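Participant: For reference, the file coords02.cif (mmCIF, C-alpha atoms and all ligand atoms) is included below:
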```cif
data_structure
loop_
_atom_site.label_atom_id
_atom_site.label_comp_id
_atom_site.auth_asym_id
_atom_site.auth_seq_id
_atom_site.Cartn_x
_atom_site.Cartn_y
_atom_site.Cartn_z
CA MET T 1 -28.78 -8.64 -3.58
CA SER T 2 -28.38 -10.20 -7.01
CA ILE T 3 -26.84 -13.63 -7.08
CA VAL T 4 -25.04 -14.82 -10.18
CA LYS T 5 -23.16 -18.03 -10.78
CA LEU T 6 -19.48 -17.77 -11.50
CA ASN T 7 -18.71 -19.58 -14.72
CA LEU T 8 -16.33 -18.09 -17.24
CA SER T 9 -15.48 -21.45 -18.70
CA THR T 10 -15.58 -21.39 -22.49
CA ASP T 11 -14.56 -24.95 -23.20
CA ALA T 12 -15.17 -28.42 -21.87
CA THR T 13 -12.95 -28.11 -18.77
CA PRO T 14 -15.28 -28.55 -15.79
CA VAL T 15 -15.49 -25.35 -13.76
CA GLU T 16 -14.69 -27.10 -10.46
CA THR T 17 -11.33 -28.38 -11.72
CA GLN T 18 -10.14 -25.02 -12.98
CA THR T 19 -7.81 -22.97 -10.88
CA LEU T 20 -9.26 -19.64 -9.83
CA LEU T 21 -7.41 -16.36 -10.23
CA THR T 22 -8.80 -13.28 -8.48
CA LEU T 23 -8.14 -9.76 -9.67
CA VAL T 24 -8.73 -7.44 -6.72
CA VAL T 25 -9.69 -4.00 -8.00
CA PRO T 26 -10.16 -1.20 -5.45
CA VAL T 27 -12.24 1.63 -6.88
CA TYR T 28 -13.04 5.10 -5.59
CA ASN T 29 -15.06 7.44 -7.80
CA GLU T 30 -14.05 5.63 -10.98
CA GLU T 31 -17.32 5.36 -12.97
CA SER T 32 -15.62 6.24 -16.27
CA ALA T 33 -12.74 3.79 -15.79
CA ILE T 34 -14.77 0.59 -15.21
CA GLY T 35 -15.69 -0.04 -18.87
CA PRO T 36 -12.16 0.44 -20.31
CA PHE T 37 -10.75 -1.75 -17.52
CA LEU T 38 -13.13 -4.61 -18.24
CA ASP T 39 -12.44 -4.31 -21.99
CA ALA T 40 -8.70 -4.48 -21.42
CA THR T 41 -8.88 -7.43 -19.03
CA ALA T 42 -11.37 -9.48 -21.09
CA THR T 43 -8.84 -10.41 -23.79
CA ILE T 44 -6.14 -11.20 -21.26
CA LEU T 45 -8.40 -13.42 -19.19
CA GLU T 46 -9.53 -15.24 -22.33
CA GLN T 47 -5.88 -16.05 -23.03
CA LEU T 48 -5.61 -17.67 -19.61
CA ALA T 49 -8.70 -19.85 -20.05
CA PRO T 50 -9.25 -22.80 -20.14
CA SER T 51 -6.78 -23.74 -17.45
CA LEU T 52 -7.47 -20.69 -15.33
CA ARG T 53 -10.82 -19.27 -14.36
CA CYS T 54 -10.90 -15.65 -13.29
CA GLU T 55 -13.00 -13.56 -10.97
CA ILE T 56 -12.83 -9.79 -10.95
CA LEU T 57 -13.47 -8.55 -7.44
CA PHE T 58 -14.26 -4.84 -7.30
CA ILE T 59 -13.97 -3.21 -3.90
CA ASN T 60 -16.04 -0.06 -4.04
CA ASP T 61 -14.31 2.13 -1.48
CA GLY T 62 -17.25 4.43 -0.70
CA SER T 63 -17.52 6.00 -4.16
CA ARG T 64 -19.89 8.94 -4.37
CA ASP T 65 -20.33 8.86 -8.15
CA GLY T 66 -21.94 6.17 -10.36
CA THR T 67 -19.18 3.58 -9.81
CA GLU T 68 -21.45 1.04 -8.13
CA PHE T 69 -24.10 1.44 -10.83
CA ALA T 70 -21.47 1.04 -13.57
CA ILE T 71 -20.08 -2.17 -12.04
CA ARG T 72 -23.52 -3.66 -11.46
CA SER T 73 -24.57 -2.93 -15.02
CA PHE T 74 -21.57 -4.94 -16.28
CA MET T 75 -22.40 -7.80 -13.89
CA HIS T 76 -25.52 -8.73 -15.86
CA ASN T 77 -23.54 -10.19 -18.73
CA ASN T 78 -20.34 -11.06 -16.90
CA PRO T 79 -20.80 -13.61 -14.13
CA ALA T 80 -17.11 -13.46 -13.27
CA ILE T 81 -17.55 -10.02 -11.68
CA ARG T 82 -18.08 -9.65 -7.93
CA LEU T 83 -18.64 -6.45 -6.02
CA VAL T 84 -18.02 -5.59 -2.37
CA ASN T 85 -19.31 -2.17 -1.31
CA LEU T 86 -17.64 -0.60 1.71
CA SER T 87 -19.75 1.62 3.96
CA ARG T 88 -17.57 4.70 3.29
CA ASN T 89 -14.18 5.66 1.89
CA PHE T 90 -11.57 3.80 3.95
CA GLY T 91 -8.58 4.42 1.67
CA LYS T 92 -6.82 2.16 -0.80
CA GLU T 93 -4.89 0.14 1.80
CA ALA T 94 -8.09 -0.84 3.64
CA ALA T 95 -9.85 -1.53 0.33
CA LEU T 96 -7.02 -3.88 -0.62
CA CYS T 97 -7.39 -5.70 2.70
CA ALA T 98 -11.10 -6.08 2.01
CA GLY T 99 -10.12 -7.53 -1.37
CA LEU T 100 -7.71 -10.05 0.14
CA GLU T 101 -10.38 -11.02 2.66
CA HIS T 102 -13.04 -11.66 0.01
CA ALA T 103 -10.85 -13.11 -2.77
CA ARG T 104 -11.33 -16.82 -3.36
CA GLY T 105 -8.58 -17.41 -5.91
CA ALA T 106 -5.60 -19.74 -5.62
CA ALA T 107 -3.70 -16.66 -6.76
CA VAL T 108 -4.67 -13.03 -6.23
CA ILE T 109 -3.53 -9.97 -8.16
CA PRO T 110 -4.35 -6.48 -6.84
CA VAL T 111 -4.67 -4.16 -9.83
CA ASP T 112 -5.62 -0.49 -10.23
CA VAL T 113 -8.72 0.18 -12.31
CA ASP T 114 -7.13 3.10 -14.20
CA LEU T 115 -5.03 0.77 -16.40
CA GLN T 116 -1.79 2.23 -15.08
CA ASP T 117 -0.98 -1.36 -14.17
CA ASP T 118 -0.47 -3.09 -17.51
CA VAL T 119 -2.82 -6.07 -17.38
CA SER T 120 -1.19 -7.63 -20.47
CA ILE T 121 1.65 -8.92 -18.26
CA ILE T 122 -0.74 -11.03 -16.16
CA PRO T 123 -0.08 -14.19 -18.25
CA ASP T 124 3.69 -13.78 -17.60
CA MET T 125 3.00 -13.42 -13.88
CA VAL T 126 0.87 -16.56 -13.96
CA ASP T 127 3.67 -18.46 -15.78
CA LYS T 128 6.17 -17.56 -13.06
CA TRP T 129 3.65 -18.57 -10.41
CA ARG T 130 3.16 -21.93 -12.11
CA GLN T 131 6.92 -22.37 -12.10
CA GLY T 132 6.91 -22.12 -8.32
CA ALA T 133 7.07 -18.42 -7.34
CA ARG T 134 4.73 -17.55 -4.47
CA ILE T 135 4.94 -13.81 -5.17
CA VAL T 136 5.47 -12.28 -8.60
CA ASN T 137 6.30 -8.58 -8.43
CA ALA T 138 5.53 -6.28 -11.34
CA ARG T 139 8.35 -3.77 -11.49
CA ARG T 140 7.99 -0.50 -13.38
CA SER T 141 10.69 -0.25 -16.01
CA ASP T 142 10.54 3.55 -15.91
CA ARG T 143 8.72 6.33 -14.13
CA THR T 144 8.28 8.67 -17.07
CA SER T 145 4.49 8.74 -16.63
CA ASP T 146 5.06 10.37 -13.20
CA SER T 147 5.78 14.04 -12.55
CA TRP T 148 9.28 15.07 -11.39
CA ALA T 149 7.96 15.73 -7.88
CA LYS T 150 6.33 12.25 -7.67
CA ARG T 151 9.49 10.53 -8.95
CA THR T 152 11.72 12.39 -6.51
CA SER T 153 9.45 11.86 -3.51
CA ALA T 154 9.04 8.16 -4.36
CA ARG T 155 12.82 7.74 -4.60
CA ALA T 156 13.28 9.50 -1.26
CA PHE T 157 10.65 7.27 0.35
CA TYR T 158 12.21 4.01 -0.86
CA ARG T 159 15.65 5.21 0.29
CA ALA T 160 14.38 6.18 3.73
CA PHE T 161 12.31 3.02 4.10
CA ASN T 162 15.12 0.69 3.07
CA ALA T 163 17.64 2.50 5.28
CA LEU T 164 15.38 2.13 8.32
CA SER T 165 13.55 -1.16 7.83
CA ASP T 166 15.07 -4.61 8.24
CA TYR T 167 12.86 -5.88 5.44
CA PRO T 168 13.77 -3.92 2.33
CA MET T 169 11.05 -3.12 -0.14
CA PRO T 170 11.86 -3.37 -3.86
CA SER T 171 11.65 0.11 -5.37
CA ASP T 172 9.30 0.73 -8.30
CA VAL T 173 7.01 -2.17 -7.36
CA GLY T 174 3.51 -1.13 -6.33
CA ASP T 175 0.59 -3.23 -5.15
CA PHE T 176 0.31 -4.78 -8.62
CA ARG T 177 1.77 -8.24 -8.05
CA LEU T 178 0.67 -11.85 -7.95
CA LEU T 179 0.18 -13.33 -4.50
CA ASP T 180 -0.25 -17.05 -3.99
CA ARG T 181 -3.07 -18.23 -1.70
CA GLN T 182 -0.48 -19.20 0.93
CA VAL T 183 0.78 -15.60 0.98
CA VAL T 184 -2.75 -14.17 1.03
CA ASP T 185 -3.62 -16.31 4.05
CA VAL T 186 -0.54 -15.08 5.91
CA LEU T 187 -1.46 -11.48 5.07
CA ARG T 188 -5.04 -12.04 6.26
CA SER T 189 -3.79 -13.42 9.55
CA MET T 190 -1.78 -10.28 10.27
CA GLY T 191 -3.90 -8.23 12.65
CA GLU T 192 -2.33 -4.82 12.23
CA ARG T 193 -4.63 -2.01 11.20
CA VAL T 194 -2.07 0.64 10.39
CA ARG T 195 -0.47 -0.86 7.35
CA LEU T 196 1.17 -0.18 4.05
CA ASN T 197 0.47 -3.38 2.17
CA LYS T 198 3.59 -3.08 0.02
CA ALA T 199 5.72 -3.23 3.16
CA LEU T 200 3.90 -6.34 4.38
CA PHE T 201 4.30 -8.04 1.00
CA SER T 202 8.08 -7.86 1.47
CA TRP T 203 7.90 -8.90 5.11
CA VAL T 204 6.17 -12.24 4.48
CA GLY T 205 9.09 -13.71 2.54
CA PHE T 206 8.44 -16.66 0.13
CA LYS T 207 10.00 -17.28 -3.26
CA THR T 208 9.64 -14.06 -5.22
CA GLU T 209 10.06 -13.49 -8.96
CA GLU T 210 9.68 -10.37 -11.02
CA VAL T 211 8.33 -9.19 -14.35
CA THR T 212 8.74 -5.66 -15.69
CA PHE T 213 6.28 -3.32 -17.36
CA ALA T 214 6.01 0.29 -18.45
CA ARG T 215 3.42 2.10 -16.34
CA ASN T 216 0.89 3.92 -18.48
CA ALA T 217 -0.75 7.25 -17.85
CA ARG T 218 -4.19 7.09 -16.19
CA SER T 219 -6.91 5.89 -18.63
CA ARG T 220 -9.76 8.02 -17.23
CA GLY T 221 -10.57 10.20 -14.28
CA LYS T 222 -7.96 11.65 -11.99
CA THR T 223 -5.93 10.43 -9.05
CA THR T 224 -7.18 10.98 -5.52
CA MET T 225 -3.78 10.28 -4.02
CA ASN T 226 -2.59 13.77 -3.16
CA TYR T 227 0.78 14.40 -1.51
CA TRP T 228 -0.74 14.68 1.95
CA ARG T 229 -2.27 11.19 1.61
CA LEU T 230 0.96 9.77 0.21
CA TRP T 231 2.89 11.32 3.10
CA GLY T 232 0.53 9.61 5.59
CA MET T 233 0.99 6.29 3.81
CA ALA T 234 4.77 6.69 3.83
CA LEU T 235 4.70 7.32 7.60
CA ASP T 236 2.40 4.32 8.14
CA GLY T 237 4.84 2.17 6.17
CA ILE T 238 7.94 3.29 8.04
CA ILE T 239 6.41 3.37 11.52
CA GLY T 240 4.71 0.02 10.95
CA SER T 241 7.99 -1.60 9.90
CA THR T 242 10.65 -0.27 12.25
CA THR T 243 11.27 1.31 15.64
CA LYS T 244 14.58 2.80 14.55
CA PRO T 245 13.21 6.39 14.44
CA LEU T 246 12.57 6.00 18.19
CA ARG T 247 16.00 4.61 18.90
CA ILE T 248 17.75 7.42 17.01
CA TRP T 249 16.73 9.76 19.87
CA THR T 250 18.43 7.60 22.48
CA TYR T 251 21.74 8.00 20.66
CA LEU T 252 21.22 11.60 19.65
CA GLY T 253 20.12 12.48 23.20
CA THR T 254 23.17 10.75 24.68
CA GLY T 255 25.51 12.49 22.23
CA LEU T 256 24.01 15.93 22.83
CA GLY T 257 23.95 15.31 26.60
CA LEU T 258 27.69 14.57 26.57
CA LEU T 259 28.41 17.67 24.46
CA SER T 260 26.29 19.78 26.83
CA PHE T 261 28.26 18.41 29.76
CA LEU T 262 31.56 19.37 28.09
CA TYR T 263 30.22 22.82 27.27
CA ALA T 264 29.02 23.26 30.88
CA ALA T 265 32.50 22.30 32.11
CA CYS T 266 34.08 24.89 29.76
CA ILE T 267 31.73 27.61 31.02
CA PHE T 268 32.42 26.63 34.62
CA VAL T 269 36.19 26.82 34.17
CA SER T 270 36.08 30.06 32.19
CA THR T 271 33.80 31.64 34.83
CA LEU T 272 36.24 30.64 37.58
CA LEU T 273 39.21 31.99 35.65
CA PHE T 274 37.77 35.08 33.99
CA GLY T 275 34.60 35.84 35.97
CA VAL T 276 31.10 36.20 34.53
CA ASP T 277 31.14 36.97 30.86
CA VAL T 278 27.92 38.92 30.23
CA PRO T 279 27.83 38.76 26.44
CA GLY T 280 26.50 35.42 25.24
CA TYR T 281 22.99 36.31 24.18
CA ALA T 282 23.46 34.83 20.71
CA SER T 283 24.80 31.49 21.91
CA LEU T 284 22.07 31.22 24.57
CA VAL T 285 19.26 31.86 22.13
CA LEU T 286 20.83 29.48 19.66
CA LEU T 287 21.04 26.70 22.22
CA ILE T 288 17.48 27.25 23.48
CA LEU T 289 16.10 27.19 19.95
CA THR T 290 18.13 24.17 18.86
CA PHE T 291 17.27 22.07 21.90
CA GLY T 292 13.65 23.28 21.90
CA GLY T 293 13.32 22.29 18.25
CA LEU T 294 14.96 18.92 18.78
CA ASN T 295 12.72 18.22 21.77
CA LEU T 296 9.58 19.03 19.83
CA PHE T 297 10.75 16.93 16.90
CA ALA T 298 11.45 13.96 19.20
CA ILE T 299 8.05 14.36 20.88
CA GLY T 300 6.47 14.48 17.42
CA ILE T 301 8.08 11.16 16.52
CA LEU T 302 6.87 9.66 19.80
CA GLY T 303 3.41 11.01 19.00
CA GLU T 304 3.42 9.33 15.59
CA TYR T 305 4.04 5.98 17.27
CA ILE T 306 1.62 6.58 20.15
CA GLY T 307 -1.20 7.61 17.77
CA ARG T 308 -0.74 4.39 15.84
CA ILE T 309 -0.60 2.32 19.03
CA LEU T 310 -3.98 3.85 19.95
CA THR T 311 -5.38 2.88 16.55
CA GLU T 312 -4.16 -0.67 17.06
CA VAL T 313 -5.46 -1.14 20.62
CA ARG T 314 -8.89 0.16 19.72
CA GLU T 315 -9.19 -2.88 17.47
CA ARG T 316 -11.73 -1.29 15.18
CA PRO T 317 -12.20 -3.18 11.92
CA MET T 318 -10.10 -1.92 9.06
CA PHE T 319 -13.16 -1.63 6.82
CA VAL T 320 -16.91 -2.10 7.02
CA VAL T 321 -18.80 -3.95 4.27
CA ARG T 322 -22.14 -2.43 3.27
CA SER T 323 -23.16 -5.07 0.70
CA THR T 324 -21.75 -7.76 -1.58
CA TYR T 325 -22.94 -8.85 -5.01
CA GLY T 326 -22.19 -11.80 -7.23
CA ALA T 327 -20.96 -15.38 -7.22
CA GLU T 328 -22.37 -16.58 -3.93
CA ASP T 329 -21.43 -20.09 -2.82
N1 LIG A 1 -8.50 3.99 -4.63
C1 LIG A 1 -9.31 3.47 -3.61
N2 LIG A 1 -9.56 4.22 -2.50
C2 LIG A 1 -9.03 5.47 -2.34
C3 LIG A 1 -8.18 5.97 -3.35
C4 LIG A 1 -7.94 5.21 -4.48
O1 LIG A 1 -9.81 2.35 -3.72
O2 LIG A 1 -9.32 6.10 -1.31
C5 LIG A 1 -8.24 3.15 -5.83
C6 LIG A 1 -8.45 3.90 -7.16
O3 LIG A 1 -9.79 3.84 -7.58
C7 LIG A 1 -7.52 3.14 -8.08
C8 LIG A 1 -6.38 2.74 -7.16
O4 LIG A 1 -6.87 2.82 -5.83
O5 LIG A 1 -8.09 1.96 -8.62
C9 LIG A 1 -5.18 3.67 -7.32
O6 LIG A 1 -5.57 5.00 -7.12
P1 LIG A 1 -4.98 6.23 -7.94
O7 LIG A 1 -4.93 5.90 -9.39
O8 LIG A 1 -5.77 7.45 -7.55
O9 LIG A 1 -3.51 6.32 -7.34
P2 LIG A 1 -2.12 6.52 -8.10
O10 LIG A 1 -2.11 5.55 -9.26
O11 LIG A 1 -2.10 7.93 -8.54
O12 LIG A 1 -1.10 6.19 -7.06
MG MG A 2 -3.50 5.40 -10.71
#
```
Can you give me the file's structure in the form of structure tokens?
Facilitator:
Amino acid sequence: MSIVKLNLSTDATPVETQTLLTLVVPVYNEESAIGPFLDATATILEQLAPSLRCEILFINDGSRDGTEFAIRSFMHNNPAIRLVNLSRNFGKEAALCAGLEHARGAAVIPVDVDLQDDVSIIPDMVDKWRQGARIVNARRSDRTSDSWAKRTSARAFYRAFNALSDYPMPSDVGDFRLLDRQVVDVLRSMGERVRLNKALFSWVGFKTEEVTFARNARSRGKTTMNYWRLWGMALDGIIGSTTKPLRIWTYLGTGLGLLSFLYAACIFVSTLLFGVDVPGYASLVLLILTFGGLNLFAIGILGEYIGRILTEVRERPMFVVRSTYGAED
């Protein structure tokens, strides 16, 4: 394990007295994006010196390409870079948790390596933080870099989430935001394994400010977030934040039960008055299918919760660290 001293100070300000800012960068098969990311951040971080010292904490989320090699080659001439290798691909949410766990900064900013998050707004975020905000959200001013399907599904997700959860999540704000150490420590103390970090960021509270930016297209490589993965994350977010989808079935079941009772009474009376009415195949099949479908749907929702309860009670770690490099104490 190579050990390098963290010292990005370019002037006379002693390193110990400088405030530390950590950029947490989860990476999964991103060998081509590392160089452009470090180029883009270098100028921004220089702007922040001398009052702020920065560490760039890469979380290598089980990449199978040359990502680790690329990061370690840049570490030779940049002591501000740290690397945590996870033992396999755990997904971006777990990688972010690993980042929050290993970050040492007084403020922490999770940022994507593909430059979709515009790093040039970091100084504005830091200004708002210095003025007292504990969280500074970076809101996308538009979603034109997304496909129509992504825009529509994202809008539907935020609507559903905010309708169901008691802790609304600002739409168009991703993981790219500044988190004060106080917030990071609260997040680290939260034991849940099934998590959508964005949802937790809104849950913790604290004084929150906002800056806006236009999200760029990906610099290099291609996204690994397919719709199936996004769907899983959306479910994790909703199920982790609210039990309303469970309660809906209590009300729906009660309502349908009452209607069934009324219908049964109608059939009873009509049978008494007019005898057995043999036709009725269509309505019978319709009722069986409707109630069968509703039952399966309700069981599915229960299953979604039960599966996540199992994940939680197993208490497996959210991620496993294979090795760490750089800036040891
Ligand atoms: N990422 C990760 N683990 C994964 C998938 C993605 O650490 O399993 C990282 C990826 O390298 C990038 C960030 O998460 O830095 C965002 O991923 P991506 O650009 O694919 O997502 P999108 O921007 O399309 O939502
Ligand atoms: Mg991206």
Participant: 9 Å from ligand MG 2 (chain A) is the threshold here; counting all atoms listed in the file, which polymer residues fall inside it? Answer as a ChimeraX atom specification.
Facilitator: /T:112-117,217-219,222-225
Participant: Restricting the calculation to all atoms listed in the file: of T:Gln131, T:Asn78, T:Asn226, T:Thr144, which residue gets closest to ligand LIG 1 (chain A)?
Facilitator: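 Closest to ligand LIG 1 (chain A) of all the choices is T:Asn226.
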Participant: Restricting the calculation to only C-alpha atoms and all ligand atoms: of T:Ser165, T:Asn85, T:Asn295, T:Thr324, which residue gets closest to ligand LIG 1 (chain A)?
Facilitator: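 Among the listed residues, the smallest separation from ligand LIG 1 (chain A) belongs to T:Asn85.
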Participant: Compare T:Ser141, T:Asn89, T:Ser73, T:Gln47 by their minimum atom-to-atom distance to T:Pro26, counting all atoms listed in the file, and give me the closest one.
Facilitator: T:Asn89
Participant: Work out how far atom CA of T:Gly174 is from atom CA of T:Pro245, in Å to one decimal.
Facilitator: 24.1 Å
Participant: Scan for residues within 10 Å of the point (12.7, -6.8, 0.1) in the coordinates of the file, using all atoms listed in the file, and reply as an MDAnalysis selection string.
Facilitator: chainID T and resid 162 165:171 198:205 208
Participant: Could you jot down the atom CA of T:Asp65 to atom CA of T:Arg316 separation for me, Å, one decimal place?
Facilitator: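 One can read the atom CA of T:Asp65 to atom CA of T:Arg316 distance as 26.9 Å.
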Participant: Measuring between all atoms listed in the file, which one of T:Ser260, T:Ser270, T:Thr43, T:Asn29 shows the shortest distance to ligand LIG 1 (chain A)?
Facilitator: T:Asn29
Participant: Write out as a list in words which residues come within 8 Å of T:Cys54 when counting all atoms listed in the file, dropping same-chain ones fewer than 2 positions away.
Facilitator: Leu8, Leu20, Leu21, Thr22, Leu23, Leu45, Leu52, Ile56, Ala80 and Gly105 of chain T
Participant: Build an axis-aligned box that encloses every atom of stretch 138-142 of chain T listed in the file, pad it by 4 Å on each side, and report its centre and edge lengths in Å to one decimal, as JSON.
Facilitator:
```
{"center_x": 8.1, "center_y": -1.4, "center_z": -13.7, "size_x": 13.2, "size_y": 17.8, "size_z": 12.7}
```
Participant: Of the candidates T:Phe268, T:Tyr158, T:Phe176, T:Tyr305, which shows the shortest atom-to-atom distance to ligand LIG 1 (chain A), using only C-alpha atoms and all ligand atoms?
Facilitator: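 Among the listed residues, the smallest separation from ligand LIG 1 (chain A) belongs to T:Phe176.
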